[in-house]
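For reference, protein06.cif is printed below; it contains mmCIF, C-alpha atoms.
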data_work
loop_
_atom_site.label_atom_id
_atom_site.label_comp_id
_atom_site.auth_asym_id
_atom_site.auth_seq_id
_atom_site.Cartn_x
_atom_site.Cartn_y
_atom_site.Cartn_z
CA MET A 1 31.64 -4.88 -19.99
CA SER A 2 33.10 -3.06 -16.97
CA ALA A 3 34.07 -4.89 -13.81
CA ARG A 4 31.28 -3.06 -11.99
CA MET A 5 28.62 -4.24 -14.46
CA ARG A 6 29.95 -7.81 -14.32
CA HIS A 7 29.55 -7.61 -10.55
CA LEU A 8 26.00 -6.28 -10.88
CA ARG A 9 25.05 -9.05 -13.31
CA ALA A 10 26.39 -11.66 -10.91
CA THR A 11 24.63 -10.04 -7.96
CA ALA A 12 21.28 -10.11 -9.74
CA VAL A 13 21.59 -13.80 -10.50
CA VAL A 14 22.73 -14.75 -7.00
CA LEU A 15 20.06 -12.71 -5.23
CA GLY A 16 17.26 -13.86 -7.51
CA THR A 17 18.22 -17.52 -7.28
CA ALA A 18 18.79 -17.53 -3.54
CA SER A 19 15.49 -15.86 -2.74
CA LEU A 20 13.51 -18.53 -4.55
CA ALA A 21 15.78 -21.57 -4.17
CA LEU A 22 15.00 -22.28 -7.84
CA ALA A 23 17.50 -23.40 -10.48
CA VAL A 24 17.61 -21.05 -13.47
CA SER A 25 20.26 -20.59 -16.12
CA VAL A 26 19.39 -17.19 -17.64
CA PRO A 27 21.19 -14.35 -15.83
CA ALA A 28 19.52 -11.04 -15.02
CA GLN A 29 21.16 -7.65 -15.39
CA ALA A 30 20.24 -4.17 -14.22
CA THR A 31 21.67 -1.61 -16.60
CA SER A 32 23.08 1.75 -15.63
CA ARG A 33 22.71 4.74 -17.91
CA PRO A 34 23.93 8.31 -18.01
CA ALA A 35 22.17 10.61 -15.58
CA PRO A 36 19.34 12.41 -17.39
CA GLY A 37 18.69 16.09 -17.13
CA LYS A 38 16.24 17.62 -14.71
CA GLY A 39 12.81 16.02 -14.86
CA ILE A 40 10.64 13.52 -13.08
CA GLU A 41 13.53 11.16 -12.36
CA ARG A 42 15.42 13.83 -10.44
CA ALA A 43 12.39 15.66 -9.10
CA VAL A 44 12.30 16.44 -5.39
CA LEU A 45 9.26 17.09 -3.22
CA PRO A 46 8.29 20.77 -3.54
CA ALA A 47 8.70 22.94 -0.48
CA GLY A 48 5.57 23.01 1.67
CA ASP A 49 4.03 19.94 0.01
CA GLY A 50 2.79 18.06 3.04
CA TRP A 51 4.49 16.47 5.99
CA ALA A 52 7.34 14.95 3.93
CA SER A 53 8.58 18.51 3.30
CA ALA A 54 8.98 19.21 7.04
CA GLU A 55 12.16 18.94 9.09
CA GLY A 56 14.41 18.84 6.06
CA SER A 57 13.40 17.74 2.59
CA THR A 58 12.61 14.62 0.57
CA THR A 59 14.98 14.29 -2.36
CA GLY A 60 15.22 10.53 -2.90
CA GLY A 61 17.91 9.77 -5.46
CA ALA A 62 17.95 13.22 -7.07
CA ASN A 63 21.70 13.53 -6.47
CA ALA A 64 22.56 10.13 -7.94
CA THR A 65 25.81 9.89 -9.87
CA PRO A 66 25.63 8.40 -13.41
CA ASP A 67 26.74 4.96 -12.19
CA HIS A 68 23.83 4.87 -9.71
CA VAL A 69 21.07 5.28 -12.28
CA TYR A 70 19.56 1.92 -13.20
CA THR A 71 16.91 0.59 -15.55
CA VAL A 72 15.40 -2.71 -14.37
CA THR A 73 12.98 -5.11 -16.01
CA ASN A 74 12.60 -7.87 -13.39
CA ARG A 75 12.74 -8.54 -9.67
CA ALA A 76 16.32 -9.83 -9.60
CA GLU A 77 17.55 -6.71 -11.38
CA LEU A 78 15.60 -4.53 -8.96
CA ILE A 79 17.17 -6.22 -5.93
CA ALA A 80 20.61 -6.10 -7.55
CA ALA A 81 20.33 -2.36 -8.19
CA PHE A 82 19.43 -1.72 -4.55
CA ALA A 83 22.30 -3.91 -3.38
CA ASP A 84 24.80 -2.28 -5.73
CA ALA A 85 24.04 1.28 -4.64
CA GLY A 86 23.32 0.65 -0.96
CA ASP A 87 22.37 3.90 0.76
CA ALA A 88 24.02 6.11 -1.85
CA PRO A 89 21.58 8.31 -3.81
CA LYS A 90 20.13 6.19 -6.59
CA ILE A 91 17.49 6.31 -9.32
CA VAL A 92 15.89 2.98 -10.20
CA ARG A 93 13.73 3.04 -13.33
CA ILE A 94 11.06 0.36 -13.71
CA ALA A 95 10.63 -0.54 -17.38
CA GLY A 96 7.73 -2.79 -18.35
CA THR A 97 6.34 -5.29 -15.84
CA VAL A 98 8.26 -6.57 -12.83
CA HIS A 99 6.81 -9.74 -11.28
CA GLY A 100 7.37 -10.47 -7.60
CA ASN A 101 6.42 -14.11 -8.05
CA ALA A 102 9.10 -14.91 -10.61
CA ASP A 103 12.28 -16.89 -11.09
CA ALA A 104 15.66 -15.18 -11.38
CA ALA A 105 15.16 -14.65 -15.11
CA GLY A 106 11.95 -12.72 -14.44
CA ASN A 107 9.55 -15.40 -15.65
CA PRO A 108 6.29 -15.51 -13.64
CA ILE A 109 5.75 -18.61 -11.51
CA GLY A 110 2.70 -20.02 -9.76
CA CYS A 111 1.99 -20.80 -6.12
CA GLU A 112 2.91 -24.45 -6.62
CA GLU A 113 6.58 -23.45 -7.00
CA TYR A 114 6.64 -22.39 -3.34
CA GLN A 115 4.89 -25.43 -1.90
CA ARG A 116 6.99 -27.37 0.58
CA ASP A 117 6.68 -30.42 2.83
CA GLY A 118 3.62 -31.81 1.10
CA TYR A 119 1.45 -28.70 1.32
CA THR A 120 -1.49 -28.39 -1.04
CA LEU A 121 -4.60 -26.31 -0.53
CA GLU A 122 -6.77 -29.41 -0.90
CA LYS A 123 -4.93 -31.17 1.93
CA TYR A 124 -5.06 -28.04 4.08
CA LEU A 125 -8.81 -27.66 3.58
CA ALA A 126 -9.39 -31.30 4.46
CA ALA A 127 -7.25 -31.12 7.61
CA TYR A 128 -8.76 -27.93 9.03
CA ASP A 129 -12.38 -28.20 7.95
CA PRO A 130 -14.34 -27.01 11.00
CA GLU A 131 -16.28 -30.27 10.96
CA VAL A 132 -12.95 -32.06 11.42
CA TRP A 133 -10.77 -29.58 13.29
CA GLY A 134 -13.40 -27.63 15.19
CA MET A 135 -13.67 -23.91 15.89
CA ASP A 136 -11.85 -23.58 19.20
CA GLU A 137 -8.18 -23.35 18.21
CA VAL A 138 -6.00 -22.18 15.34
CA PRO A 139 -4.52 -24.82 13.02
CA SER A 140 -1.41 -26.68 14.15
CA GLY A 141 0.41 -29.81 13.11
CA PRO A 142 2.17 -30.98 9.92
CA LEU A 143 -0.08 -29.26 7.37
CA GLU A 144 0.10 -25.94 9.21
CA ASP A 145 3.88 -26.30 9.49
CA ALA A 146 4.01 -27.00 5.75
CA ARG A 147 1.91 -23.90 5.06
CA VAL A 148 4.29 -21.78 7.16
CA ALA A 149 7.36 -23.18 5.34
CA SER A 150 5.75 -22.50 1.96
CA ALA A 151 4.72 -19.00 2.98
CA LYS A 152 8.26 -18.25 4.14
CA LEU A 153 9.62 -19.14 0.71
CA GLN A 154 7.09 -16.88 -1.02
CA ALA A 155 7.85 -14.03 1.37
CA ALA A 156 11.52 -14.16 0.37
CA ALA A 157 10.48 -13.45 -3.21
CA VAL A 158 7.60 -11.05 -2.67
CA ASN A 159 9.12 -8.68 -0.08
CA VAL A 160 11.62 -6.28 -1.66
CA LYS A 161 13.45 -3.91 0.70
CA VAL A 162 14.04 -0.35 -0.51
CA PRO A 163 17.18 1.41 0.83
CA SER A 164 17.51 5.04 1.90
CA ASN A 165 18.06 7.85 -0.61
CA THR A 166 16.14 6.14 -3.40
CA THR A 167 13.91 7.31 -6.22
CA ILE A 168 12.05 4.40 -7.76
CA VAL A 169 10.12 5.55 -10.79
CA GLY A 170 8.20 4.03 -13.66
CA VAL A 171 9.27 4.56 -17.27
CA GLY A 172 6.47 5.81 -19.50
CA ARG A 173 2.79 4.97 -19.11
CA ASP A 174 2.85 1.26 -18.36
CA ALA A 175 5.47 0.55 -15.69
CA THR A 176 3.94 -2.12 -13.45
CA VAL A 177 4.91 -4.12 -10.38
CA VAL A 178 2.79 -7.26 -10.00
CA GLY A 179 2.76 -9.48 -6.95
CA ALA A 180 5.61 -7.76 -5.10
CA SER A 181 5.55 -5.83 -1.84
CA LEU A 182 7.93 -2.87 -1.67
CA GLN A 183 9.16 -2.56 1.91
CA VAL A 184 10.29 0.94 2.85
CA LYS A 185 11.45 -0.22 6.27
CA ASN A 186 13.59 1.69 8.78
CA VAL A 187 15.10 3.93 6.11
CA SER A 188 14.90 7.59 5.12
CA ASN A 189 14.43 9.76 2.04
CA VAL A 190 12.52 7.66 -0.50
CA ILE A 191 10.43 8.71 -3.52
CA VAL A 192 8.05 6.31 -5.34
CA ARG A 193 6.41 7.63 -8.52
CA ASN A 194 4.58 6.64 -11.69
CA ILE A 195 4.12 2.91 -11.05
CA SER A 196 1.05 0.67 -11.18
CA PHE A 197 1.14 -1.74 -8.24
CA GLU A 198 -1.10 -4.77 -8.72
CA ASP A 199 -2.15 -7.96 -7.00
CA THR A 200 0.29 -8.57 -4.17
CA TYR A 201 -1.36 -11.86 -3.29
CA ASP A 202 -0.68 -14.44 -0.62
CA CYS A 203 -0.50 -18.02 -1.91
CA PHE A 204 -0.90 -19.40 1.60
CA PRO A 205 -3.56 -17.62 3.71
CA GLN A 206 -4.06 -19.04 7.19
CA TRP A 207 -7.44 -20.25 8.37
CA ASP A 208 -8.24 -18.95 11.86
CA PRO A 209 -11.55 -20.33 13.19
CA THR A 210 -11.19 -18.18 16.33
CA ASP A 211 -11.14 -14.88 14.38
CA GLY A 212 -14.61 -13.44 14.99
CA ASP A 213 -17.76 -15.49 15.30
CA THR A 214 -17.33 -17.48 12.10
CA GLY A 215 -13.56 -17.53 11.51
CA HIS A 216 -11.58 -15.80 8.77
CA TRP A 217 -8.84 -16.38 6.23
CA ASN A 218 -5.90 -14.08 7.03
CA SER A 219 -3.29 -13.10 4.46
CA GLU A 220 -0.01 -11.18 4.26
CA TYR A 221 1.49 -8.52 1.97
CA ASP A 222 0.64 -4.99 0.94
CA ASN A 223 1.68 -3.50 -2.37
CA LEU A 224 3.66 -0.84 -0.49
CA VAL A 225 4.58 -0.58 3.19
CA VAL A 226 6.23 2.38 4.90
CA TYR A 227 7.47 1.00 8.22
CA GLY A 228 9.55 3.02 10.69
CA SER A 229 10.79 5.29 7.89
CA ASP A 230 10.76 9.06 7.43
CA HIS A 231 10.68 11.54 4.56
CA VAL A 232 8.79 9.43 2.03
CA TRP A 233 6.94 10.84 -0.99
CA VAL A 234 4.50 8.53 -2.84
CA ASP A 235 3.15 10.27 -5.93
CA HIS A 236 1.25 9.48 -9.14
CA ASN A 237 0.95 5.72 -8.59
CA THR A 238 -1.97 3.32 -9.03
CA PHE A 239 -2.74 0.58 -6.48
CA SER A 240 -5.20 -2.25 -7.10
CA ASP A 241 -5.78 -6.01 -6.99
CA GLY A 242 -5.32 -6.16 -10.77
CA ASP A 243 -6.82 -9.27 -12.35
CA ARG A 244 -7.45 -10.98 -8.99
CA PRO A 245 -10.18 -8.98 -7.23
CA ASP A 246 -11.42 -10.35 -3.94
CA ALA A 247 -14.96 -10.48 -5.29
CA ASP A 248 -13.91 -13.19 -7.76
CA GLN A 249 -12.28 -15.45 -5.18
CA PRO A 250 -13.91 -18.62 -3.82
CA SER A 251 -15.18 -19.15 -0.30
CA TYR A 252 -14.00 -21.97 1.91
CA PHE A 253 -15.68 -22.82 5.21
CA ASP A 254 -18.29 -20.18 4.23
CA GLU A 255 -15.65 -17.41 4.37
CA LEU A 256 -13.98 -15.55 1.50
CA PHE A 257 -10.57 -17.01 0.68
CA GLN A 258 -8.85 -13.67 1.29
CA GLN A 259 -5.53 -13.48 -0.58
CA HIS A 260 -4.92 -9.74 -0.16
CA ASP A 261 -4.12 -7.65 2.88
CA GLY A 262 -3.86 -3.86 2.39
CA LEU A 263 -2.90 -1.79 -0.62
CA PHE A 264 -0.58 0.69 1.12
CA ASP A 265 0.14 0.92 4.87
CA ILE A 266 2.10 3.46 6.90
CA VAL A 267 3.02 1.97 10.28
CA ARG A 268 5.36 1.45 13.24
CA GLY A 269 6.79 4.90 13.79
CA ALA A 270 6.81 5.96 10.15
CA ASP A 271 6.84 9.75 9.91
CA LEU A 272 6.85 12.70 7.53
CA VAL A 273 5.06 11.12 4.57
CA THR A 274 3.29 12.82 1.65
CA VAL A 275 0.89 10.77 -0.50
CA SER A 276 -0.27 12.72 -3.56
CA TYR A 277 -2.09 12.14 -6.86
CA ASN A 278 -2.42 8.37 -6.46
CA VAL A 279 -5.30 6.06 -7.40
CA LEU A 280 -6.29 3.35 -4.91
CA LYS A 281 -9.12 1.21 -6.24
CA ASP A 282 -11.09 -2.03 -6.16
CA HIS A 283 -9.93 -3.28 -2.77
CA ASP A 284 -11.20 -4.12 0.70
CA LYS A 285 -8.75 -3.07 3.45
CA THR A 286 -7.08 -0.13 1.77
CA MET A 287 -4.74 1.88 4.01
CA LEU A 288 -3.70 1.81 7.64
CA ILE A 289 -1.90 4.71 9.24
CA GLY A 290 -0.87 2.99 12.47
CA ASN A 291 -1.57 -0.73 12.61
CA SER A 292 -2.18 -1.38 16.30
CA ASP A 293 -3.71 0.31 19.34
CA GLY A 294 -0.81 -1.18 21.29
CA ALA A 295 1.91 0.50 19.19
CA GLY A 296 1.79 3.84 20.99
CA ALA A 297 5.41 3.61 22.12
CA ASP A 298 6.48 3.66 18.46
CA ASP A 299 3.73 5.84 17.05
CA ARG A 300 3.06 8.71 19.45
CA GLY A 301 4.52 11.88 17.97
CA LYS A 302 5.02 10.13 14.62
CA LEU A 303 2.72 9.06 11.77
CA ARG A 304 2.56 12.62 10.42
CA VAL A 305 1.08 12.03 6.98
CA THR A 306 -0.45 14.21 4.26
CA LEU A 307 -2.92 12.78 1.72
CA HIS A 308 -3.98 15.06 -1.12
CA HIS A 309 -5.45 14.75 -4.60
CA ASN A 310 -5.82 10.97 -4.38
CA LEU A 311 -8.68 8.91 -5.81
CA PHE A 312 -10.15 6.22 -3.56
CA LYS A 313 -12.47 4.30 -5.89
CA ASP A 314 -14.62 1.33 -4.89
CA VAL A 315 -12.67 0.59 -1.73
CA ASN A 316 -14.60 -0.92 1.15
CA GLU A 317 -12.82 0.61 4.14
CA ARG A 318 -9.64 2.19 5.58
CA ALA A 319 -9.26 5.21 3.31
CA PRO A 320 -7.49 5.55 5.66
CA ARG A 321 -7.96 4.16 9.16
CA VAL A 322 -5.87 6.36 11.47
CA ARG A 323 -4.24 5.78 14.84
CA PHE A 324 -2.06 8.28 16.76
CA GLY A 325 -0.92 10.38 13.79
CA GLN A 326 -1.51 13.98 12.78
CA VAL A 327 -2.98 13.19 9.36
CA ASP A 328 -3.96 15.90 6.91
CA SER A 329 -6.36 14.61 4.23
CA TYR A 330 -7.53 17.27 1.78
CA ASN A 331 -8.68 17.48 -1.85
CA ASN A 332 -9.18 13.73 -2.19
CA HIS A 333 -12.03 12.16 -4.18
CA PHE A 334 -13.87 9.17 -2.73
CA VAL A 335 -16.01 7.23 -5.19
CA SER A 336 -18.39 4.33 -4.61
CA THR A 337 -20.12 3.06 -7.73
CA LYS A 338 -23.31 1.07 -7.85
CA GLY A 339 -22.77 -2.49 -6.75
CA SER A 340 -19.47 -1.91 -4.97
CA ALA A 341 -19.13 -2.77 -1.29
CA TYR A 342 -18.79 0.21 1.04
CA GLY A 343 -18.11 0.14 4.77
CA TYR A 344 -16.60 3.54 5.54
CA SER A 345 -13.91 5.94 4.36
CA TYR A 346 -12.23 7.51 7.40
CA GLY A 347 -11.62 5.27 10.42
CA ILE A 348 -11.08 7.23 13.63
CA GLY A 349 -8.73 5.17 15.81
CA ALA A 350 -6.73 5.41 19.02
CA GLU A 351 -5.40 8.91 19.75
CA SER A 352 -5.79 9.90 16.10
CA GLN A 353 -5.67 13.56 15.10
CA LEU A 354 -7.24 13.56 11.66
CA VAL A 355 -7.98 16.70 9.67
CA ALA A 356 -10.24 15.88 6.71
CA GLU A 357 -11.08 19.02 4.73
CA HIS A 358 -12.03 20.12 1.20
CA ASN A 359 -12.69 16.57 -0.01
CA ALA A 360 -15.30 15.32 -2.48
CA PHE A 361 -17.43 12.19 -2.11
CA THR A 362 -19.36 10.66 -5.02
CA LEU A 363 -21.44 7.88 -3.50
CA ASN A 364 -24.10 5.67 -5.01
CA SER A 365 -27.62 5.99 -3.69
CA GLY A 366 -27.27 2.91 -1.51
CA VAL A 367 -24.56 4.44 0.68
CA ASP A 368 -25.58 6.22 3.87
CA LYS A 369 -23.37 9.31 4.17
CA ALA A 370 -23.46 8.89 7.95
CA THR A 371 -21.07 5.96 7.43
CA ILE A 372 -18.32 8.01 5.75
CA LEU A 373 -16.80 8.29 9.22
CA LYS A 374 -16.31 5.28 11.48
CA LYS A 375 -15.43 5.59 15.16
CA TRP A 376 -13.12 2.90 16.50
CA SER A 377 -11.77 4.75 19.55
CA GLU A 378 -12.42 7.94 21.47
CA SER A 379 -10.64 10.58 19.38
CA SER A 380 -11.53 13.97 17.92
CA LEU A 381 -11.20 15.17 14.35
CA THR A 382 -11.61 18.22 12.16
CA ALA A 383 -13.82 17.73 9.10
CA GLY A 384 -14.84 20.94 7.34
CA ASP A 385 -15.77 21.98 3.81
CA ASN A 386 -16.44 18.50 2.48
CA TYR A 387 -18.94 17.87 -0.34
CA VAL A 388 -21.03 14.73 -0.77
CA ASN A 389 -22.64 14.27 -4.20
CA GLY A 390 -22.11 17.96 -4.92
CA ARG A 391 -23.54 19.30 -1.66
CA LYS A 392 -21.58 20.74 1.25
CA THR A 393 -21.94 18.31 4.15
CA ASP A 394 -20.97 18.44 7.81
CA LEU A 395 -19.57 14.93 8.06
CA ILE A 396 -19.39 14.90 11.86
CA ALA A 397 -22.95 16.16 12.36
CA VAL A 398 -24.33 13.71 9.79
CA HIS A 399 -22.44 10.84 11.41
CA ASN A 400 -23.56 11.70 14.92
CA ALA A 401 -27.18 11.95 13.81
CA GLY A 402 -27.07 8.69 11.87
CA VAL A 403 -24.88 6.65 14.21
CA PRO A 404 -25.52 8.15 17.68
CA ALA A 405 -23.90 5.21 19.46
CA GLU A 406 -20.56 6.25 17.91
CA HIS A 407 -20.60 9.94 18.82
CA LEU A 408 -17.59 11.85 17.48
CA THR A 409 -16.22 15.08 18.91
CA GLU A 410 -14.91 17.91 16.78
CA GLY A 411 -11.47 19.46 16.89
CA ALA A 412 -8.25 17.61 16.01
CA GLY A 413 -6.20 20.03 18.09
CA TRP A 414 -3.89 21.22 15.32
CA LYS A 415 -4.10 23.09 12.02
CA PRO A 416 -2.23 21.97 8.90
CA LYS A 417 0.16 24.48 7.37
CA LEU A 418 2.01 22.38 4.81
CA ARG A 419 -0.29 22.59 1.81
CA THR A 420 0.34 23.79 -1.73
CA THR A 421 -2.69 24.23 -4.00
CA VAL A 422 -6.04 23.77 -2.25
CA ASP A 423 -8.83 23.28 -4.78
CA HIS A 424 -12.51 23.86 -4.15
CA PRO A 425 -14.19 20.50 -3.44
CA LEU A 426 -16.53 20.94 -6.41
CA VAL A 427 -13.58 20.87 -8.84
CA VAL A 428 -11.66 18.13 -7.01
CA PRO A 429 -13.28 15.27 -9.02
CA LEU A 430 -12.13 16.86 -12.28
CA VAL A 431 -8.63 17.70 -11.05
CA VAL A 432 -8.11 14.21 -9.65
CA ALA A 433 -9.50 12.52 -12.77
CA LEU A 434 -7.09 14.46 -14.95
CA LYS A 435 -3.97 14.17 -12.83
CA ALA A 436 -4.04 11.19 -10.42
CA GLY A 437 -2.53 7.79 -11.06
CA ALA A 438 0.38 6.19 -12.88
CA GLY A 439 1.01 7.28 -16.45
CA ARG A 440 -0.15 10.85 -15.84
CA THR A 441 3.42 12.06 -15.33
CA LEU A 442 5.55 10.65 -18.13
CA ILE A 443 9.18 9.72 -18.49
CA GLY A 444 11.06 9.25 -21.71
#
Output the file's structure in the form of structure tokens.
Amino acid sequence: MSARMRHLRATAVVLGTASLALAVSVPAQATSRPAPGKGIERAVLPAGDGWASAEGSTTGGANATPDHVYTVTNRAELIAAFADAGDAPKIVRIAGTVHGNADAAGNPIGCEEYQRDGYTLEKYLAAYDPEVWGMDEVPSGPLEDARVASAKLQAAAVNVKVPSNTTIVGVGRDATVVGASLQVKNVSNVIVRNISFEDTYDCFPQWDPTDGDTGHWNSEYDNLVVYGSDHVWVDHNTFSDGDRPDADQPSYFDELFQQHDGLFDIVRGADLVTVSYNVLKDHDKTMLIGNSDGAGADDRGKLRVTLHHNLFKDVNERAPRVRFGQVDSYNNHFVSTKGSAYGYSYGIGAESQLVAEHNAFTLNSGVDKATILKKWSESSLTAGDNYVNGRKTDLIAVHNAGVPAEHLTEGAGWKPKLRTTVDHPLVVPLVVALKAGAGRTLIG
């Protein structure tokens, strides 16, 4: 074994053990391999394919040298590969299933492994039951401090930071990341492809009785976060809650015990992002582009995002909710099946400049098409050539007629130019069904 690989093996063990503060004896190793020929691993974003192709290009790790191509099978190996390469161009191949909630050997662990200072859910529920604690202030005291300490330990395992100049790509049809949150934070030039992201759950949601009229459980973690980063291409992935859908979770204090936040958020000055051929399904709060009305100092002139040929299936809201950004959303398919919750698809937020064109909506009979759009703030949008259940529909006119108290004005003030193939909305469902999601673009 080379000195470099001995170093990488040691790095994986140290990083994995330190992040969990768990004692394990089986070391983890990320393996390097010769650089493959041209193909998905070294693919770059095509010219003109959305905002991530502007002002330069998005190449990820396409120029990686052979010693910066890694195959990883667990979280510790993933972190070690990132640490070994730093900001040098790198290709990180996900093989099999990588668990975020795992020990340094990659073995899945439960929430009890993170519990500190006497925290248990039963004790927390007893301490902050509204009949005991009341509804006028957020929890404080020893049990809340214990929850925070436990949550901090889980965060160290779940949040995985992705460096600049990275391609992270799934091997074959079944590459999966479960319970981890990839953080593309304050970096540049990242490609994420061919991975199923599932169930990034919070073991320690906080009860806030002051949130709304009845209180809410608030959780952390998205499957993928692009934060303050530029030139990011997210392509052919699948995002979901996996085997832990919100609908199956219990209620405490008459409120759903919410263990998931978003699926995929683009926030805090992120810019020049293309999101293509992904599946986002079976979730509540799906995607934010801009996470706060008060973040204008970071977000004005940024949050330029293209969404095309994605499937949003049985998601309740935020597909996406937009603030500030020039967002081009075209040739996406929005599906709501019978029995699924549906709030809205496009959220029109502060100073947003959304263009939503040539999309297809397949909605069950219980959904009012006037609710496809949701006005949160006074902003204008462009929404032409969209089809709802096979019929061309003026989304703005239908919304204004059905929800007159939330009148929307037409005209986003800009016209997208960075598009490749634009399909007719009537064929979008077929194209997306055939091409979107992880496993559609294969790697040997």
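Between CA of His399 in chain A and CA of Asp213 in chain A the interatomic distance comes to 27.0 Å.
Minimum distance to Thr409 in chain A across A:Asp129, A:Asp368, A:Glu378, A:Asp241 (counting all atoms listed in the file) occurs at A:Glu378.
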Centre and edge lengths of an axis-aligned box around all listed atoms of range 159-168 of chain A, with 4 Å added on each side, are to be given in Å to one decimal, as JSON.
{"center_x": 13.6, "center_y": -0.4, "center_z": -2.9, "size_x": 16.9, "size_y": 24.5, "size_z": 17.7}
Completion exercise
Between CA of Leu263 in chain A and CA of Arg304 in chain A lies a distance of 19.0 Å
Handout entry: Target residues per the PyMOL selection byres ((chain A and resi 299) around 12), formatted as a PyMOL selection string
Key = chain A and resi 227-229+266-271+289-298+300-304+322-326+350-352
Those same residues - C-alpha atoms - I'd like them written as a PDB file, keeping the file's coordinate frame.
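Resulting contents of part16.pdb:
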ATOM      1  CA  TYR A 227       7.470   1.000   8.220  1.00  0.00           C
ATOM      2  CA  GLY A 228       9.550   3.020  10.690  1.00  0.00           C
ATOM      3  CA  SER A 229      10.790   5.290   7.890  1.00  0.00           C
ATOM      4  CA  ILE A 266       2.100   3.460   6.900  1.00  0.00           C
ATOM      5  CA  VAL A 267       3.020   1.970  10.280  1.00  0.00           C
ATOM      6  CA  ARG A 268       5.360   1.450  13.240  1.00  0.00           C
ATOM      7  CA  GLY A 269       6.790   4.900  13.790  1.00  0.00           C
ATOM      8  CA  ALA A 270       6.810   5.960  10.150  1.00  0.00           C
ATOM      9  CA  ASP A 271       6.840   9.750   9.910  1.00  0.00           C
ATOM     10  CA  ILE A 289      -1.900   4.710   9.240  1.00  0.00           C
ATOM     11  CA  GLY A 290      -0.870   2.990  12.470  1.00  0.00           C
ATOM     12  CA  ASN A 291      -1.570  -0.730  12.610  1.00  0.00           C
ATOM     13  CA  SER A 292      -2.180  -1.380  16.300  1.00  0.00           C
ATOM     14  CA  ASP A 293      -3.710   0.310  19.340  1.00  0.00           C
ATOM     15  CA  GLY A 294      -0.810  -1.180  21.290  1.00  0.00           C
ATOM     16  CA  ALA A 295       1.910   0.500  19.190  1.00  0.00           C
ATOM     17  CA  GLY A 296       1.790   3.840  20.990  1.00  0.00           C
ATOM     18  CA  ALA A 297       5.410   3.610  22.120  1.00  0.00           C
ATOM     19  CA  ASP A 298       6.480   3.660  18.460  1.00  0.00           C
ATOM     20  CA  ARG A 300       3.060   8.710  19.450  1.00  0.00           C
ATOM     21  CA  GLY A 301       4.520  11.880  17.970  1.00  0.00           C
ATOM     22  CA  LYS A 302       5.020  10.130  14.620  1.00  0.00           C
ATOM     23  CA  LEU A 303       2.720   9.060  11.770  1.00  0.00           C
ATOM     24  CA  ARG A 304       2.560  12.620  10.420  1.00  0.00           C
ATOM     25  CA  VAL A 322      -5.870   6.360  11.470  1.00  0.00           C
ATOM     26  CA  ARG A 323      -4.240   5.780  14.840  1.00  0.00           C
ATOM     27  CA  PHE A 324      -2.060   8.280  16.760  1.00  0.00           C
ATOM     28  CA  GLY A 325      -0.920  10.380  13.790  1.00  0.00           C
ATOM     29  CA  GLN A 326      -1.510  13.980  12.780  1.00  0.00           C
ATOM     30  CA  ALA A 350      -6.730   5.410  19.020  1.00  0.00           C
ATOM     31  CA  GLU A 351      -5.400   8.910  19.750  1.00  0.00           C
ATOM     32  CA  SER A 352      -5.790   9.900  16.100  1.00  0.00           C
TER      33      SER A 352
END
Problem - Target residues per the PyMOL selection byres ((chain A and resi 57) around 12), formatted as number ranges by chain - result: A: 43-56, 58-60, 62, 165, 188-191, 230-233, 272-274
Can you write just those residues out, C-alpha atoms, as a CSV table (one decimal), in the coordinates of the input?
chain,number,residue,atom,x,y,z
A,43,ALA,CA,12.4,15.7,-9.1
A,44,VAL,CA,12.3,16.4,-5.4
A,45,LEU,CA,9.3,17.1,-3.2
A,46,PRO,CA,8.3,20.8,-3.5
A,47,ALA,CA,8.7,22.9,-0.5
A,48,GLY,CA,5.6,23.0,1.7
A,49,ASP,CA,4.0,19.9,0.0
A,50,GLY,CA,2.8,18.1,3.0
A,51,TRP,CA,4.5,16.5,6.0
A,52,ALA,CA,7.3,15.0,3.9
A,53,SER,CA,8.6,18.5,3.3
A,54,ALA,CA,9.0,19.2,7.0
A,55,GLU,CA,12.2,18.9,9.1
A,56,GLY,CA,14.4,18.8,6.1
A,58,THR,CA,12.6,14.6,0.6
A,59,THR,CA,15.0,14.3,-2.4
A,60,GLY,CA,15.2,10.5,-2.9
A,62,ALA,CA,18.0,13.2,-7.1
A,165,ASN,CA,18.1,7.8,-0.6
A,188,SER,CA,14.9,7.6,5.1
A,189,ASN,CA,14.4,9.8,2.0
A,190,VAL,CA,12.5,7.7,-0.5
A,191,ILE,CA,10.4,8.7,-3.5
A,230,ASP,CA,10.8,9.1,7.4
A,231,HIS,CA,10.7,11.5,4.6
A,232,VAL,CA,8.8,9.4,2.0
A,233,TRP,CA,6.9,10.8,-1.0
A,272,LEU,CA,6.8,12.7,7.5
A,273,VAL,CA,5.1,11.1,4.6
A,274,THR,CA,3.3,12.8,1.6
Handout entry: Result set, the PyMOL selection byres ((chain A and resi 370) around 6) on current file, as a ChimeraX atom specification
Key = /A:368-369,371-372,398-399,402
Exercise for the section: Name all residues at most 10 Å from Gly384 in chain A (count all atoms listed in the file; drop same-chain ones fewer than 2 positions away) and give them as a ChimeraX atom specification. Expected result: /A:330,355-359,381-382,386-387,392-396,410
Exercise for the section: Enter the distance from CA of Asp254 in chain A to CA of Glu317 in chain A, in Å, rounded to one decimal. Expected result: 21.5 Å
Exercise for the section: Would you list the contacts of Lys313 in chain A as number ranges by chain, taking every protein, DNA or RNA residue within 8 Å and counting all atoms listed in the file, but skipping same-chain residues closer than 2 positions in sequence? Expected result: A: 279-282, 311, 315, 334-337
